[in-house]
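Text of the file query25.cif, holding mmCIF, C-alpha atoms and all ligand atoms:
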data_run
#
loop_
_atom_site.label_atom_id
_atom_site.label_comp_id
_atom_site.auth_asym_id
_atom_site.auth_seq_id
_atom_site.Cartn_x
_atom_site.Cartn_y
_atom_site.Cartn_z
CA MET A 4 71.86 -28.57 -5.39
CA THR A 5 68.78 -29.23 -3.31
CA ILE A 6 68.50 -30.63 0.14
CA ALA A 7 65.32 -32.24 1.29
CA HIS A 8 63.97 -34.64 3.82
CA ALA A 9 63.61 -38.13 2.47
CA THR A 10 59.86 -37.84 2.17
CA GLN A 11 60.19 -34.85 -0.15
CA SER A 12 63.00 -36.03 -2.37
CA GLN A 13 62.93 -38.07 -5.56
CA ALA A 14 66.51 -39.28 -5.26
CA THR A 15 66.20 -40.63 -1.77
CA LEU A 16 64.44 -43.65 -0.33
CA LYS A 17 61.06 -43.74 1.37
CA PRO A 18 60.99 -44.43 5.12
CA GLY A 19 60.51 -48.01 6.15
CA THR A 20 61.77 -49.47 2.89
CA CYS A 21 65.28 -50.51 3.76
CA GLU A 22 66.79 -53.54 5.35
CA CYS A 23 69.73 -53.04 7.71
CA PRO A 24 72.90 -54.42 6.08
CA VAL A 25 74.39 -55.15 9.52
CA CYS A 26 71.61 -56.95 11.44
CA GLY A 27 69.05 -57.57 8.69
CA GLY A 28 66.43 -55.70 10.73
CA HIS A 29 63.43 -54.16 8.97
CA ASP A 30 62.88 -51.24 11.38
CA ALA A 31 65.21 -48.95 9.43
CA PHE A 32 64.11 -45.54 8.17
CA VAL A 33 65.75 -42.77 6.17
CA PHE A 34 66.17 -39.55 8.16
CA ILE A 35 68.37 -37.38 5.91
CA GLY A 36 68.27 -36.99 2.15
CA ILE A 37 70.74 -35.00 0.05
CA ASP A 38 70.17 -35.21 -3.69
CA SER A 39 73.67 -34.51 -4.89
CA MET A 40 77.04 -34.46 -3.16
CA PRO A 41 80.54 -34.74 -4.63
CA VAL A 42 81.87 -38.24 -4.40
CA LEU A 43 85.66 -37.89 -4.60
CA ILE A 44 86.23 -36.05 -1.33
CA GLY A 45 89.93 -36.86 -0.92
CA HIS A 46 90.79 -36.15 -4.54
CA GLN A 47 92.89 -33.06 -5.16
CA PHE A 48 91.72 -31.41 -8.33
CA GLY A 49 94.10 -29.46 -10.56
CA SER A 50 91.51 -26.91 -11.63
CA ALA A 51 88.32 -25.39 -10.26
CA ALA A 52 86.45 -26.58 -13.37
CA ALA A 53 87.54 -30.20 -12.89
CA ALA A 54 86.55 -30.02 -9.23
CA ARG A 55 83.10 -28.68 -10.11
CA ASP A 56 82.56 -31.29 -12.86
CA SER A 57 83.55 -34.21 -10.63
CA ALA A 58 81.21 -37.14 -9.96
CA ARG A 59 78.20 -36.71 -7.67
CA GLY A 60 75.83 -39.02 -5.89
CA PRO A 61 72.84 -38.91 -3.52
CA ILE A 62 72.93 -39.54 0.21
CA SER A 63 70.02 -41.22 2.01
CA LEU A 64 71.01 -41.69 5.62
CA ALA A 65 69.11 -44.55 7.19
CA TYR A 66 68.95 -45.57 10.85
CA CYS A 67 68.29 -49.08 12.12
CA ALA A 68 66.35 -49.02 15.39
CA GLN A 69 67.37 -52.60 16.06
CA CYS A 70 71.20 -52.26 16.04
CA SER A 71 71.70 -48.44 15.85
CA PHE A 72 73.65 -48.68 12.61
CA ILE A 73 73.47 -45.64 10.30
CA TRP A 74 74.33 -45.90 6.63
CA ASN A 75 73.86 -44.29 3.24
CA ALA A 76 71.16 -46.44 1.71
CA ALA A 77 71.69 -44.73 -1.67
CA PHE A 78 75.43 -45.45 -1.73
CA ASN A 79 76.94 -46.64 -4.98
CA PRO A 80 80.49 -47.94 -4.48
CA ASN A 81 81.13 -47.84 -8.24
CA LEU A 82 81.20 -44.04 -8.11
CA LEU A 83 84.25 -44.08 -5.85
CA VAL A 84 87.83 -44.46 -6.99
CA TYR A 85 90.43 -44.48 -4.25
CA ASP A 86 93.28 -43.75 -6.64
CA GLN A 87 94.63 -40.70 -4.89
CA TYR A 88 93.78 -40.11 -1.29
CA ASP A 89 95.34 -37.65 1.10
CA ASN A 90 93.07 -36.91 4.01
CA SER A 91 95.94 -37.63 6.36
CA LEU A 92 95.76 -35.75 9.64
CA HIS A 93 99.44 -36.52 10.14
CA TYR A 94 100.51 -32.90 9.62
CA SER A 95 98.75 -31.72 12.77
CA SER A 96 100.78 -31.84 15.99
CA VAL A 97 97.55 -32.32 17.99
CA PHE A 98 96.75 -35.40 15.96
CA GLN A 99 100.32 -36.72 16.19
CA GLU A 100 100.19 -36.47 19.96
CA TYR A 101 96.88 -38.30 19.99
CA THR A 102 98.29 -41.06 17.79
CA GLN A 103 101.42 -41.40 19.93
CA GLY A 104 99.16 -41.91 22.95
CA ILE A 105 97.31 -44.72 21.18
CA VAL A 106 100.54 -46.39 20.10
CA ALA A 107 101.94 -46.28 23.65
CA ARG A 108 98.73 -47.70 25.11
CA LEU A 109 98.45 -50.54 22.59
CA VAL A 110 102.11 -51.57 22.85
CA ASN A 111 101.79 -51.64 26.62
CA ALA A 112 98.34 -53.27 26.89
CA TYR A 113 99.05 -56.08 24.43
CA ASN A 114 102.78 -56.50 24.95
CA LEU A 115 103.51 -55.65 21.33
CA HIS A 116 107.21 -56.46 21.27
CA GLY A 117 108.79 -58.50 18.51
CA LYS A 118 105.33 -59.15 17.04
CA THR A 119 103.87 -59.00 13.54
CA ILE A 120 101.40 -56.19 13.05
CA VAL A 121 98.92 -55.97 10.20
CA ASP A 122 97.42 -52.60 9.31
CA ILE A 123 94.36 -52.72 7.06
CA GLY A 124 94.01 -49.46 5.14
CA CYS A 125 97.38 -48.18 6.33
CA GLY A 126 97.55 -45.17 3.98
CA GLY A 127 101.13 -43.92 4.00
CA GLY A 128 101.93 -46.29 6.87
CA ASP A 129 102.62 -43.68 9.57
CA PHE A 130 100.68 -45.47 12.29
CA LEU A 131 102.10 -48.89 11.38
CA GLU A 132 105.65 -47.57 11.46
CA MET A 133 105.05 -45.95 14.85
CA LEU A 134 103.76 -49.25 16.26
CA CYS A 135 106.77 -51.08 14.83
CA ALA A 136 109.27 -48.54 16.16
CA SER A 137 107.73 -48.54 19.65
CA GLY A 138 107.96 -52.27 20.20
CA ASN A 139 110.59 -53.51 17.76
CA ASN A 140 107.76 -55.10 15.78
CA ARG A 141 107.49 -55.88 12.09
CA GLY A 142 104.58 -54.63 10.05
CA ILE A 143 102.55 -55.43 6.97
CA GLY A 144 100.36 -52.64 5.64
CA PHE A 145 97.54 -53.05 3.14
CA ASP A 146 96.29 -50.09 1.15
CA PRO A 147 95.46 -49.71 -2.54
CA THR A 148 96.46 -46.03 -2.34
CA HIS A 149 99.86 -46.58 -0.69
CA GLU A 150 102.56 -44.62 -2.45
CA GLY A 151 106.26 -45.18 -2.18
CA ASP A 152 108.37 -48.29 -1.67
CA LEU A 153 106.66 -51.56 -0.90
CA ASN A 154 109.75 -52.80 0.93
CA PRO A 155 111.46 -49.67 2.21
CA ALA A 156 115.13 -50.34 2.91
CA GLY A 157 116.15 -50.47 6.54
CA ARG A 158 112.59 -50.33 7.87
CA PRO A 159 110.69 -53.28 9.38
CA VAL A 160 107.61 -52.78 7.21
CA THR A 161 106.21 -54.23 4.01
CA PHE A 162 103.35 -52.71 2.08
CA VAL A 163 100.80 -54.44 -0.13
CA ARG A 164 99.15 -52.08 -2.62
CA ASP A 165 95.78 -53.81 -2.42
CA MET A 166 92.64 -54.08 -0.34
CA PHE A 167 93.00 -56.61 2.45
CA SER A 168 91.12 -59.79 1.63
CA GLU A 169 90.93 -63.40 2.64
CA VAL A 170 93.55 -64.40 0.08
CA TYR A 171 96.14 -62.83 2.39
CA GLY A 172 94.96 -64.87 5.38
CA CYS A 173 95.64 -62.74 8.42
CA ALA A 174 99.15 -62.37 6.97
CA GLY A 175 100.57 -64.00 10.11
CA GLY A 176 99.51 -61.04 12.19
CA ASP A 177 99.65 -61.13 15.99
CA PHE A 178 97.83 -57.82 16.10
CA ILE A 179 95.53 -56.32 13.47
CA CYS A 180 94.69 -52.64 13.31
CA SER A 181 92.57 -50.52 11.02
CA ARG A 182 91.94 -46.82 11.42
CA TYR A 183 89.33 -44.82 9.50
CA VAL A 184 88.50 -47.67 7.13
CA LEU A 185 85.26 -49.26 8.34
CA GLU A 186 83.24 -46.09 7.66
CA HIS A 187 84.17 -46.50 3.95
CA VAL A 188 82.93 -50.08 3.77
CA PRO A 189 79.34 -50.51 2.51
CA ASP A 190 78.95 -53.93 4.15
CA PRO A 191 81.02 -53.67 7.33
CA GLY A 192 79.49 -56.85 8.76
CA ALA A 193 80.77 -58.92 5.85
CA PHE A 194 84.14 -57.16 6.06
CA LEU A 195 84.57 -58.01 9.75
CA ALA A 196 83.39 -61.57 9.18
CA MET A 197 86.08 -61.87 6.49
CA ILE A 198 88.74 -60.61 8.91
CA ARG A 199 87.48 -62.99 11.59
CA ARG A 200 87.66 -65.92 9.13
CA SER A 201 91.19 -64.90 8.18
CA ILE A 202 92.20 -65.18 11.86
CA GLY A 203 90.61 -68.62 12.03
CA LYS A 204 91.44 -70.63 15.10
CA ARG A 205 94.03 -68.17 16.38
CA THR A 206 91.66 -66.90 19.06
CA GLY A 207 93.17 -64.28 21.31
CA THR A 208 94.34 -62.20 18.35
CA VAL A 209 93.63 -58.56 19.18
CA VAL A 210 92.15 -56.21 16.60
CA TYR A 211 92.08 -52.44 17.04
CA PHE A 212 89.67 -50.35 14.96
CA GLU A 213 89.06 -46.65 14.97
CA VAL A 214 86.10 -44.93 13.26
CA PRO A 215 84.38 -41.53 13.41
CA ASN A 216 81.90 -41.37 16.29
CA VAL A 217 78.43 -40.74 14.91
CA GLU A 218 77.17 -39.90 18.42
CA LEU A 219 79.27 -36.73 18.37
CA ILE A 220 78.10 -35.90 14.84
CA LEU A 221 74.48 -36.24 16.03
CA ARG A 222 74.98 -34.45 19.35
CA ASP A 223 76.85 -31.48 17.87
CA LEU A 224 74.61 -31.42 14.79
CA SER A 225 77.79 -31.73 12.70
CA VAL A 226 75.90 -31.93 9.46
CA TRP A 227 79.13 -31.27 7.50
CA ASP A 228 80.50 -34.62 8.56
CA ILE A 229 77.98 -36.38 6.36
CA ILE A 230 80.04 -37.12 3.25
CA TYR A 231 79.62 -39.50 0.36
CA GLU A 232 82.77 -41.51 1.09
CA HIS A 233 81.44 -42.39 4.53
CA CYS A 234 78.74 -44.89 3.79
CA SER A 235 78.73 -46.40 7.31
CA TYR A 236 78.37 -44.50 10.58
CA PHE A 237 78.93 -46.09 13.98
CA SER A 238 77.79 -45.39 17.50
CA ALA A 239 79.25 -47.28 20.46
CA ALA A 240 76.19 -49.53 20.32
CA SER A 241 76.44 -50.48 16.67
CA LEU A 242 80.23 -50.87 16.84
CA ALA A 243 80.05 -53.18 19.87
CA ARG A 244 77.24 -55.12 18.29
CA ILE A 245 78.89 -55.63 14.90
CA PHE A 246 82.14 -56.93 16.42
CA TYR A 247 80.27 -59.16 18.86
CA ASP A 248 78.07 -60.63 16.15
CA ARG A 249 81.09 -61.42 13.95
CA GLY A 250 82.97 -63.41 16.56
CA PHE A 251 84.91 -60.87 18.57
CA HIS A 252 84.88 -60.21 22.29
CA VAL A 253 84.69 -56.45 22.90
CA HIS A 254 87.56 -55.87 25.32
CA ARG A 255 87.60 -52.08 25.38
CA LEU A 256 85.44 -49.46 23.72
CA ALA A 257 86.12 -45.78 24.28
CA ASP A 258 85.97 -42.50 22.47
CA GLY A 259 89.03 -40.39 21.72
CA TYR A 260 90.22 -37.17 20.14
CA GLY A 261 87.67 -35.01 21.91
CA GLY A 262 84.99 -37.65 21.34
CA GLN A 263 85.41 -37.52 17.56
CA PHE A 264 86.50 -41.14 17.18
CA LEU A 265 85.45 -44.48 18.61
CA CYS A 266 88.30 -46.83 19.47
CA ILE A 267 87.58 -50.51 19.89
CA ASP A 268 89.94 -53.23 21.11
CA ALA A 269 88.35 -56.56 20.28
CA ILE A 270 89.63 -60.09 20.67
CA ALA A 271 88.94 -62.88 18.20
CA SER A 272 87.03 -65.37 20.31
CA ALA A 273 85.13 -68.61 20.15
CA MET A 274 81.45 -67.67 19.95
CA GLU A 275 80.76 -69.00 23.47
CA ASP A 276 83.65 -67.00 24.98
CA ARG A 277 82.33 -63.59 24.02
CA ARG A 278 80.97 -61.37 26.72
CA THR A 279 77.75 -59.61 25.72
CA PRO A 280 78.44 -55.89 25.18
CA ARG A 281 77.76 -53.90 28.33
CA HIS A 282 74.61 -51.89 28.77
CA HIS A 283 76.19 -48.47 28.11
CA GLU A 284 77.69 -49.82 24.92
CA LEU A 285 74.20 -50.64 23.69
CA LYS A 286 72.67 -47.23 24.42
CA SER A 287 70.04 -46.26 21.87
CA ILE A 288 70.61 -43.13 19.78
CA ALA A 289 67.03 -42.94 18.47
CA GLY A 290 66.36 -39.57 20.14
CA GLU A 291 69.54 -38.02 18.74
CA VAL A 292 68.74 -39.32 15.26
CA GLU A 293 65.30 -37.72 15.34
CA LEU A 294 66.66 -34.39 16.55
CA PHE A 295 69.39 -34.42 13.89
CA GLY A 296 66.83 -35.07 11.16
CA ASN A 297 64.76 -32.11 12.38
CA GLU A 298 67.68 -29.71 12.76
CA PHE A 299 69.52 -30.63 9.57
CA GLU A 300 67.83 -28.20 7.17
CA ARG A 301 67.55 -25.46 9.78
CA ARG A 302 71.31 -25.47 10.32
CA ILE A 303 72.04 -25.28 6.61
CA ALA A 304 69.54 -22.44 6.14
CA ALA A 305 71.14 -20.47 8.99
CA TRP A 306 74.63 -20.77 7.47
CA ARG A 307 73.36 -19.82 4.00
CA ALA A 308 71.80 -16.68 5.46
CA ARG A 309 75.07 -15.84 7.23
CA LEU A 310 77.13 -16.20 4.04
CA ALA A 311 74.64 -14.04 2.13
CA GLU A 312 74.88 -11.37 4.82
CA TRP A 313 78.68 -11.36 4.73
CA LYS A 314 78.59 -11.04 0.96
CA SER A 315 76.21 -8.05 1.12
CA LEU A 316 78.48 -6.38 3.71
CA GLY A 317 81.58 -7.03 1.60
CA LYS A 318 83.12 -9.19 4.34
CA ARG A 319 85.87 -11.56 3.28
CA ALA A 320 85.70 -15.06 4.71
CA ALA A 321 87.94 -18.11 4.46
CA ALA A 322 87.68 -21.61 5.86
CA TRP A 323 90.50 -23.42 7.68
CA GLY A 324 90.88 -27.14 7.09
CA ALA A 325 90.58 -28.54 3.55
CA GLY A 326 89.48 -31.99 4.68
CA ALA A 327 86.28 -33.90 4.14
CA LYS A 328 84.37 -31.63 6.50
CA ALA A 329 85.12 -28.56 4.36
CA VAL A 330 83.88 -30.40 1.29
CA GLY A 331 80.65 -31.26 3.14
CA PHE A 332 80.24 -27.72 4.51
CA LEU A 333 80.87 -25.87 1.25
CA ASN A 334 78.78 -28.22 -0.87
CA MET A 335 75.77 -28.43 1.43
CA LEU A 336 75.72 -24.63 1.55
CA GLY A 337 76.30 -24.33 -2.19
CA ALA A 338 79.03 -21.82 -1.28
CA GLY A 339 80.64 -19.73 -4.00
CA ASP A 340 82.83 -16.64 -3.77
CA GLU A 341 81.46 -15.80 -0.30
CA ILE A 342 84.35 -18.02 0.77
CA ALA A 343 87.62 -16.73 -0.68
CA GLY A 344 89.54 -19.95 -0.13
CA VAL A 345 90.30 -22.82 2.21
CA ILE A 346 93.49 -22.82 4.25
CA ASP A 347 95.34 -26.03 5.00
CA ILE A 348 98.72 -26.79 6.52
CA ASN A 349 99.20 -29.89 4.37
CA PRO A 350 101.68 -28.72 1.69
CA ASN A 351 100.45 -31.37 -0.76
CA LYS A 352 97.03 -29.73 -0.89
CA ARG A 353 98.26 -26.23 -1.65
CA GLY A 354 97.00 -24.89 -4.99
CA THR A 355 94.53 -27.74 -5.47
CA PHE A 356 90.75 -27.36 -5.62
CA LEU A 357 88.02 -28.88 -3.44
CA ALA A 358 85.53 -31.36 -4.89
CA GLY A 359 82.16 -29.93 -5.91
CA THR A 360 82.47 -26.21 -5.22
CA GLY A 361 86.00 -25.85 -6.61
CA HIS A 362 87.35 -23.68 -3.79
CA ARG A 363 91.09 -23.19 -3.92
CA VAL A 364 93.33 -24.54 -1.12
CA LEU A 365 95.73 -21.97 0.27
CA ALA A 366 98.76 -22.30 2.50
CA PRO A 367 98.69 -20.33 5.79
CA GLU A 368 101.47 -18.15 4.36
CA GLU A 369 98.99 -16.77 1.83
CA LEU A 370 96.76 -15.34 4.56
CA PRO A 371 98.47 -11.95 5.00
CA ALA A 372 97.73 -11.19 1.33
CA LEU A 373 94.14 -12.41 1.65
CA ARG A 374 93.43 -10.62 4.97
CA PRO A 375 90.10 -12.34 5.72
CA ASP A 376 87.65 -10.70 8.14
CA THR A 377 86.41 -14.10 9.28
CA ILE A 378 87.90 -17.56 9.37
CA ILE A 379 85.55 -20.53 9.69
CA ILE A 380 87.30 -23.31 11.58
CA MET A 381 86.24 -26.67 10.22
CA ASN A 382 87.44 -28.67 13.23
CA PRO A 383 87.40 -26.95 16.65
CA ILE A 384 90.13 -29.23 17.96
CA TYR A 385 92.63 -27.18 15.92
CA ALA A 386 91.40 -23.80 17.20
CA GLY A 387 94.44 -23.30 19.47
CA GLU A 388 96.88 -24.27 16.73
CA ILE A 389 95.15 -21.89 14.28
CA ARG A 390 95.08 -18.98 16.74
CA GLU A 391 98.80 -19.37 17.28
CA ARG A 392 99.54 -19.36 13.53
CA LEU A 393 97.42 -16.21 13.08
CA ARG A 394 99.15 -14.42 15.95
CA GLY A 395 102.49 -15.25 14.36
CA MET A 396 101.34 -13.47 11.20
CA ASN A 397 99.87 -10.48 13.11
CA LEU A 398 96.39 -11.34 11.87
CA ASP A 399 93.31 -11.03 14.04
CA PRO A 400 90.25 -12.18 12.06
CA GLU A 401 87.00 -13.19 13.72
CA LEU A 402 87.07 -16.97 14.27
CA MET A 403 83.92 -19.08 13.95
CA GLU A 404 83.29 -22.76 14.25
CA ALA A 405 81.51 -24.34 11.30
ZN ZN A 501 70.54 -53.12 12.15
#

Can the structure in the file be given as structure tokens, please?
Amino acid sequence: MTIAHATQSQATLKPGTCECPVCGGHDAFVFIGIDSMPVLIGHQFGSAAAARDSARGPISLAYCAQCSFIWNAAFNPNLLVYDQYDNSLHYSSVFQEYTQGIVARLVNAYNLHGKTIVDIGCGGGDFLEMLCASGNNRGIGFDPTHEGDLNPAGRPVTFVRDMFSEVYGCAGGDFICSRYVLEHVPDPGAFLAMIRRSIGKRTGTVVYFEVPNVELILRDLSVWDIIYEHCSYFSAASLARIFYDRGFHVHRLADGYGGQFLCIDAIASAMEDRRTPRHHELKSIAGEVELFGNEFERRIAAWRARLAEWKSLGKRAAAWGAGAKAVGFLNMLGAGDEIAGVIDINPNKRGTFLAGTGHRVLAPEELPALRPDTIIIMNPIYAGEIRERLRGMNLDPELMEA
């Protein structure tokens, strides 16, 4: 696998050649090019060989100076199949606490009692069921990957195993939520316009969206968060702008989960009733984009050198967190047996293999046998949780953030 700046790569696009899919602006330029990355990040492969042979595609990250939107201009949606998808963070107590806080705030702020709640891209339906339980609401969840009963007995929820589309109207929803979906949508402007049309004249309907915060990715130089499945990356500015332009009033826009996510409460409004997004919501990220483009290769080279050094010293390393970030990290580094395995607390991932590099996913209980010298923590927010698990097993490896 090779990594190159756009100007050096065959697979990527030349600067200045792309049109922004969100605002139609022509000031967009490609600032990151990766020739080949695995495509099926959430897929759990049954063998290392299958994981290594899985589909690949190029990434050309483009930035629009006009609306701050960042997207993969080389994205091909046909390469993706969301048949099996388990990147749920639900197993982490830190994440559960975070989610409970959101549920409590939304129920309180929008008086969600006895209402109908629509969740677009609900996954297993955890969030939807929490919202329903907290306010005696009823819920309809849309997700083509939903497993399990569509009408679970004794629970106030119904699931539709399909993408949400206009044919469902707004499904009678008083409140519409969608978490970690918009970053998977290649034309998020059209998607939001479709949702706005489905709401129609029912202005006042609140929508709540949550997406990864590209400002944190840029600021922390989190190059591993660039993954094929995420074709759209939002800053506060581009998120405020895209909702505003598609007929929503931006009521609240904040970051959450240590700044990793952007949370937007928007209200379907008549075009003349929308307030223009506030100044701080329209802050340019041009400087951060430039810095990220410059530091991208340097960061990868530094990690490759570190892995090579560990290998020569006979040090055993493992990663913790078999999510999308680990797939990005391991594949951008072209990591092999320098990393003995990837630990994850999600029991469904145990014994499966990560896309691209084919690293095996281990349960924490397998660590005493592995006895790694170093553990690379994929997401620093879990550092405390991980330290506690290690102490419980009388293990004291060096911990490093990816
Ligand atoms: Zn734009």

Around ligand ZN 501 (chain A), at most 6 Å away and counting all atoms listed in the file, which residues are there? Put them as a PyMOL selection string, please. chain A and resi 23+25-28+67+69-70+72

Nearest to Ala65 in chain A by atom-to-atom distance, counting all atoms listed in the file, from A:Val292, A:Ala112, A:Ser287, A:Pro375:
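Closest residue, counting all atoms listed in the file: A:Val292.
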
If we count only C-alpha atoms, what is near range 316-325 of chain A at a cut-off of 7 Å, once residues fewer than 5 positions away on the same chain are taken out, given as a list in words? Glu341, Ile342, Ala343, Gly344, Val345, Ile346, Asp347, Val364, Pro375, Asp376, Thr377, Ile378, Ile379, Ile380 and Met381 of chain A

Atom pair CA of Ala269 in chain A + CA of Gly172 in chain A, distance 18.3 Å

Across A:Val214, A:Leu43, A:Leu365, A:Val184, the smallest distance to Gln263 in chain A, with all atoms listed in the file counted, is shown by A:Val214

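Residues within 12 Å of Val84 in chain A, counting only C-alpha atoms and excluding same-chain residues fewer than 5 positions away, are Val42, Leu43, Ile44, Gly45, His46, Ser57, Ala58, Asn79, Pro147, Thr148, His187 and Glu232 of chain A.
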
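Distance-wise, CA of Ala304 in chain A and CA of Arg55 in chain A end up 22.1 Å apart.
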
In terms of only C-alpha atoms, the residue from A:Arg353, A:Arg244, A:Arg158, A:Arg141 at minimal distance from Pro191 in chain A is A:Arg244

Checklist entry - Skipping near chain neighbours, those fewer than 6 positions away, what residues fall within 12 Å of Thr102 in chain A using all atoms listed in the file, listed as a ChimeraX atom specification? => result /A:92-96,108-109,129-134,182,213,259-260,264,266

Next on the checklist: I need the residue nearest Asp30 in chain A from this list: A:Ala136, A:Ala289, A:Ala271, A:Lys328. Use all atoms listed in the file for the distance.
Outcome noted: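 Result for the nearest residue to Asp30 in chain A: A:Ala289.
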
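Nearest to Val121 in chain A of all the residues A:Phe178, A:Thr206, A:Pro80, A:Gly157 is A:Phe178, counting only C-alpha atoms.
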
- [ ] Identify, on the basis of only C-alpha atoms, every residue whose closest approach to Thr360 in chain A does not exceed 12 Å; exclude the query and any residue fewer than 2 positions from it along the same chain; express the result as JSON, numbers by chain.
- [x] {"A": [4, 40, 41, 44, 48, 50, 51, 52, 53, 54, 55, 56, 57, 58, 59, 329, 330, 331, 332, 333, 334, 335, 336, 337, 338, 339, 340, 341, 342, 343, 344, 345, 356, 357, 358, 362, 363, 364]}

Quick one: write out the picked residues with C-alpha atoms as an mmCIF file, in the coordinates of the input?
data_model
loop_
_atom_site.group_PDB
_atom_site.id
_atom_site.type_symbol
_atom_site.label_atom_id
_atom_site.label_comp_id
_atom_site.auth_asym_id
_atom_site.auth_seq_id
_atom_site.Cartn_x
_atom_site.Cartn_y
_atom_site.Cartn_z
ATOM 1 C CA MET A 4 71.860 -28.570 -5.390
ATOM 2 C CA MET A 40 77.040 -34.460 -3.160
ATOM 3 C CA PRO A 41 80.540 -34.740 -4.630
ATOM 4 C CA ILE A 44 86.230 -36.050 -1.330
ATOM 5 C CA PHE A 48 91.720 -31.410 -8.330
ATOM 6 C CA SER A 50 91.510 -26.910 -11.630
ATOM 7 C CA ALA A 51 88.320 -25.390 -10.260
ATOM 8 C CA ALA A 52 86.450 -26.580 -13.370
ATOM 9 C CA ALA A 53 87.540 -30.200 -12.890
ATOM 10 C CA ALA A 54 86.550 -30.020 -9.230
ATOM 11 C CA ARG A 55 83.100 -28.680 -10.110
ATOM 12 C CA ASP A 56 82.560 -31.290 -12.860
ATOM 13 C CA SER A 57 83.550 -34.210 -10.630
ATOM 14 C CA ALA A 58 81.210 -37.140 -9.960
ATOM 15 C CA ARG A 59 78.200 -36.710 -7.670
ATOM 16 C CA ALA A 329 85.120 -28.560 4.360
ATOM 17 C CA VAL A 330 83.880 -30.400 1.290
ATOM 18 C CA GLY A 331 80.650 -31.260 3.140
ATOM 19 C CA PHE A 332 80.240 -27.720 4.510
ATOM 20 C CA LEU A 333 80.870 -25.870 1.250
ATOM 21 C CA ASN A 334 78.780 -28.220 -0.870
ATOM 22 C CA MET A 335 75.770 -28.430 1.430
ATOM 23 C CA LEU A 336 75.720 -24.630 1.550
ATOM 24 C CA GLY A 337 76.300 -24.330 -2.190
ATOM 25 C CA ALA A 338 79.030 -21.820 -1.280
ATOM 26 C CA GLY A 339 80.640 -19.730 -4.000
ATOM 27 C CA ASP A 340 82.830 -16.640 -3.770
ATOM 28 C CA GLU A 341 81.460 -15.800 -0.300
ATOM 29 C CA ILE A 342 84.350 -18.020 0.770
ATOM 30 C CA ALA A 343 87.620 -16.730 -0.680
ATOM 31 C CA GLY A 344 89.540 -19.950 -0.130
ATOM 32 C CA VAL A 345 90.300 -22.820 2.210
ATOM 33 C CA PHE A 356 90.750 -27.360 -5.620
ATOM 34 C CA LEU A 357 88.020 -28.880 -3.440
ATOM 35 C CA ALA A 358 85.530 -31.360 -4.890
ATOM 36 C CA HIS A 362 87.350 -23.680 -3.790
ATOM 37 C CA ARG A 363 91.090 -23.190 -3.920
ATOM 38 C CA VAL A 364 93.330 -24.540 -1.120
#

Handout entry: Interatomic distance, CA of Arg278 in chain A to CA of His252 in chain A (Å, one decimal)
Key =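 CA of His252 in chain A lies 6.0 Å from CA of Arg278 in chain A.
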
Pick out the residues sitting within 10 Å of Val210 in chain A, and hand them over as a list of chain:residue names; count all atoms listed in the file, and ignore anything fewer than 3 positions along from it in its own chain.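 Everything that qualifies: A:Ile120, A:Val121, A:Asp122, A:Gly176, A:Asp177, A:Phe178, A:Ile179, A:Cys180, A:Ser181, A:Ile198, A:Arg199, A:Gly207, A:Phe251, A:Val253, A:His254, A:Ile267, A:Asp268, A:Ala269, A:Ile270, A:Ala271.
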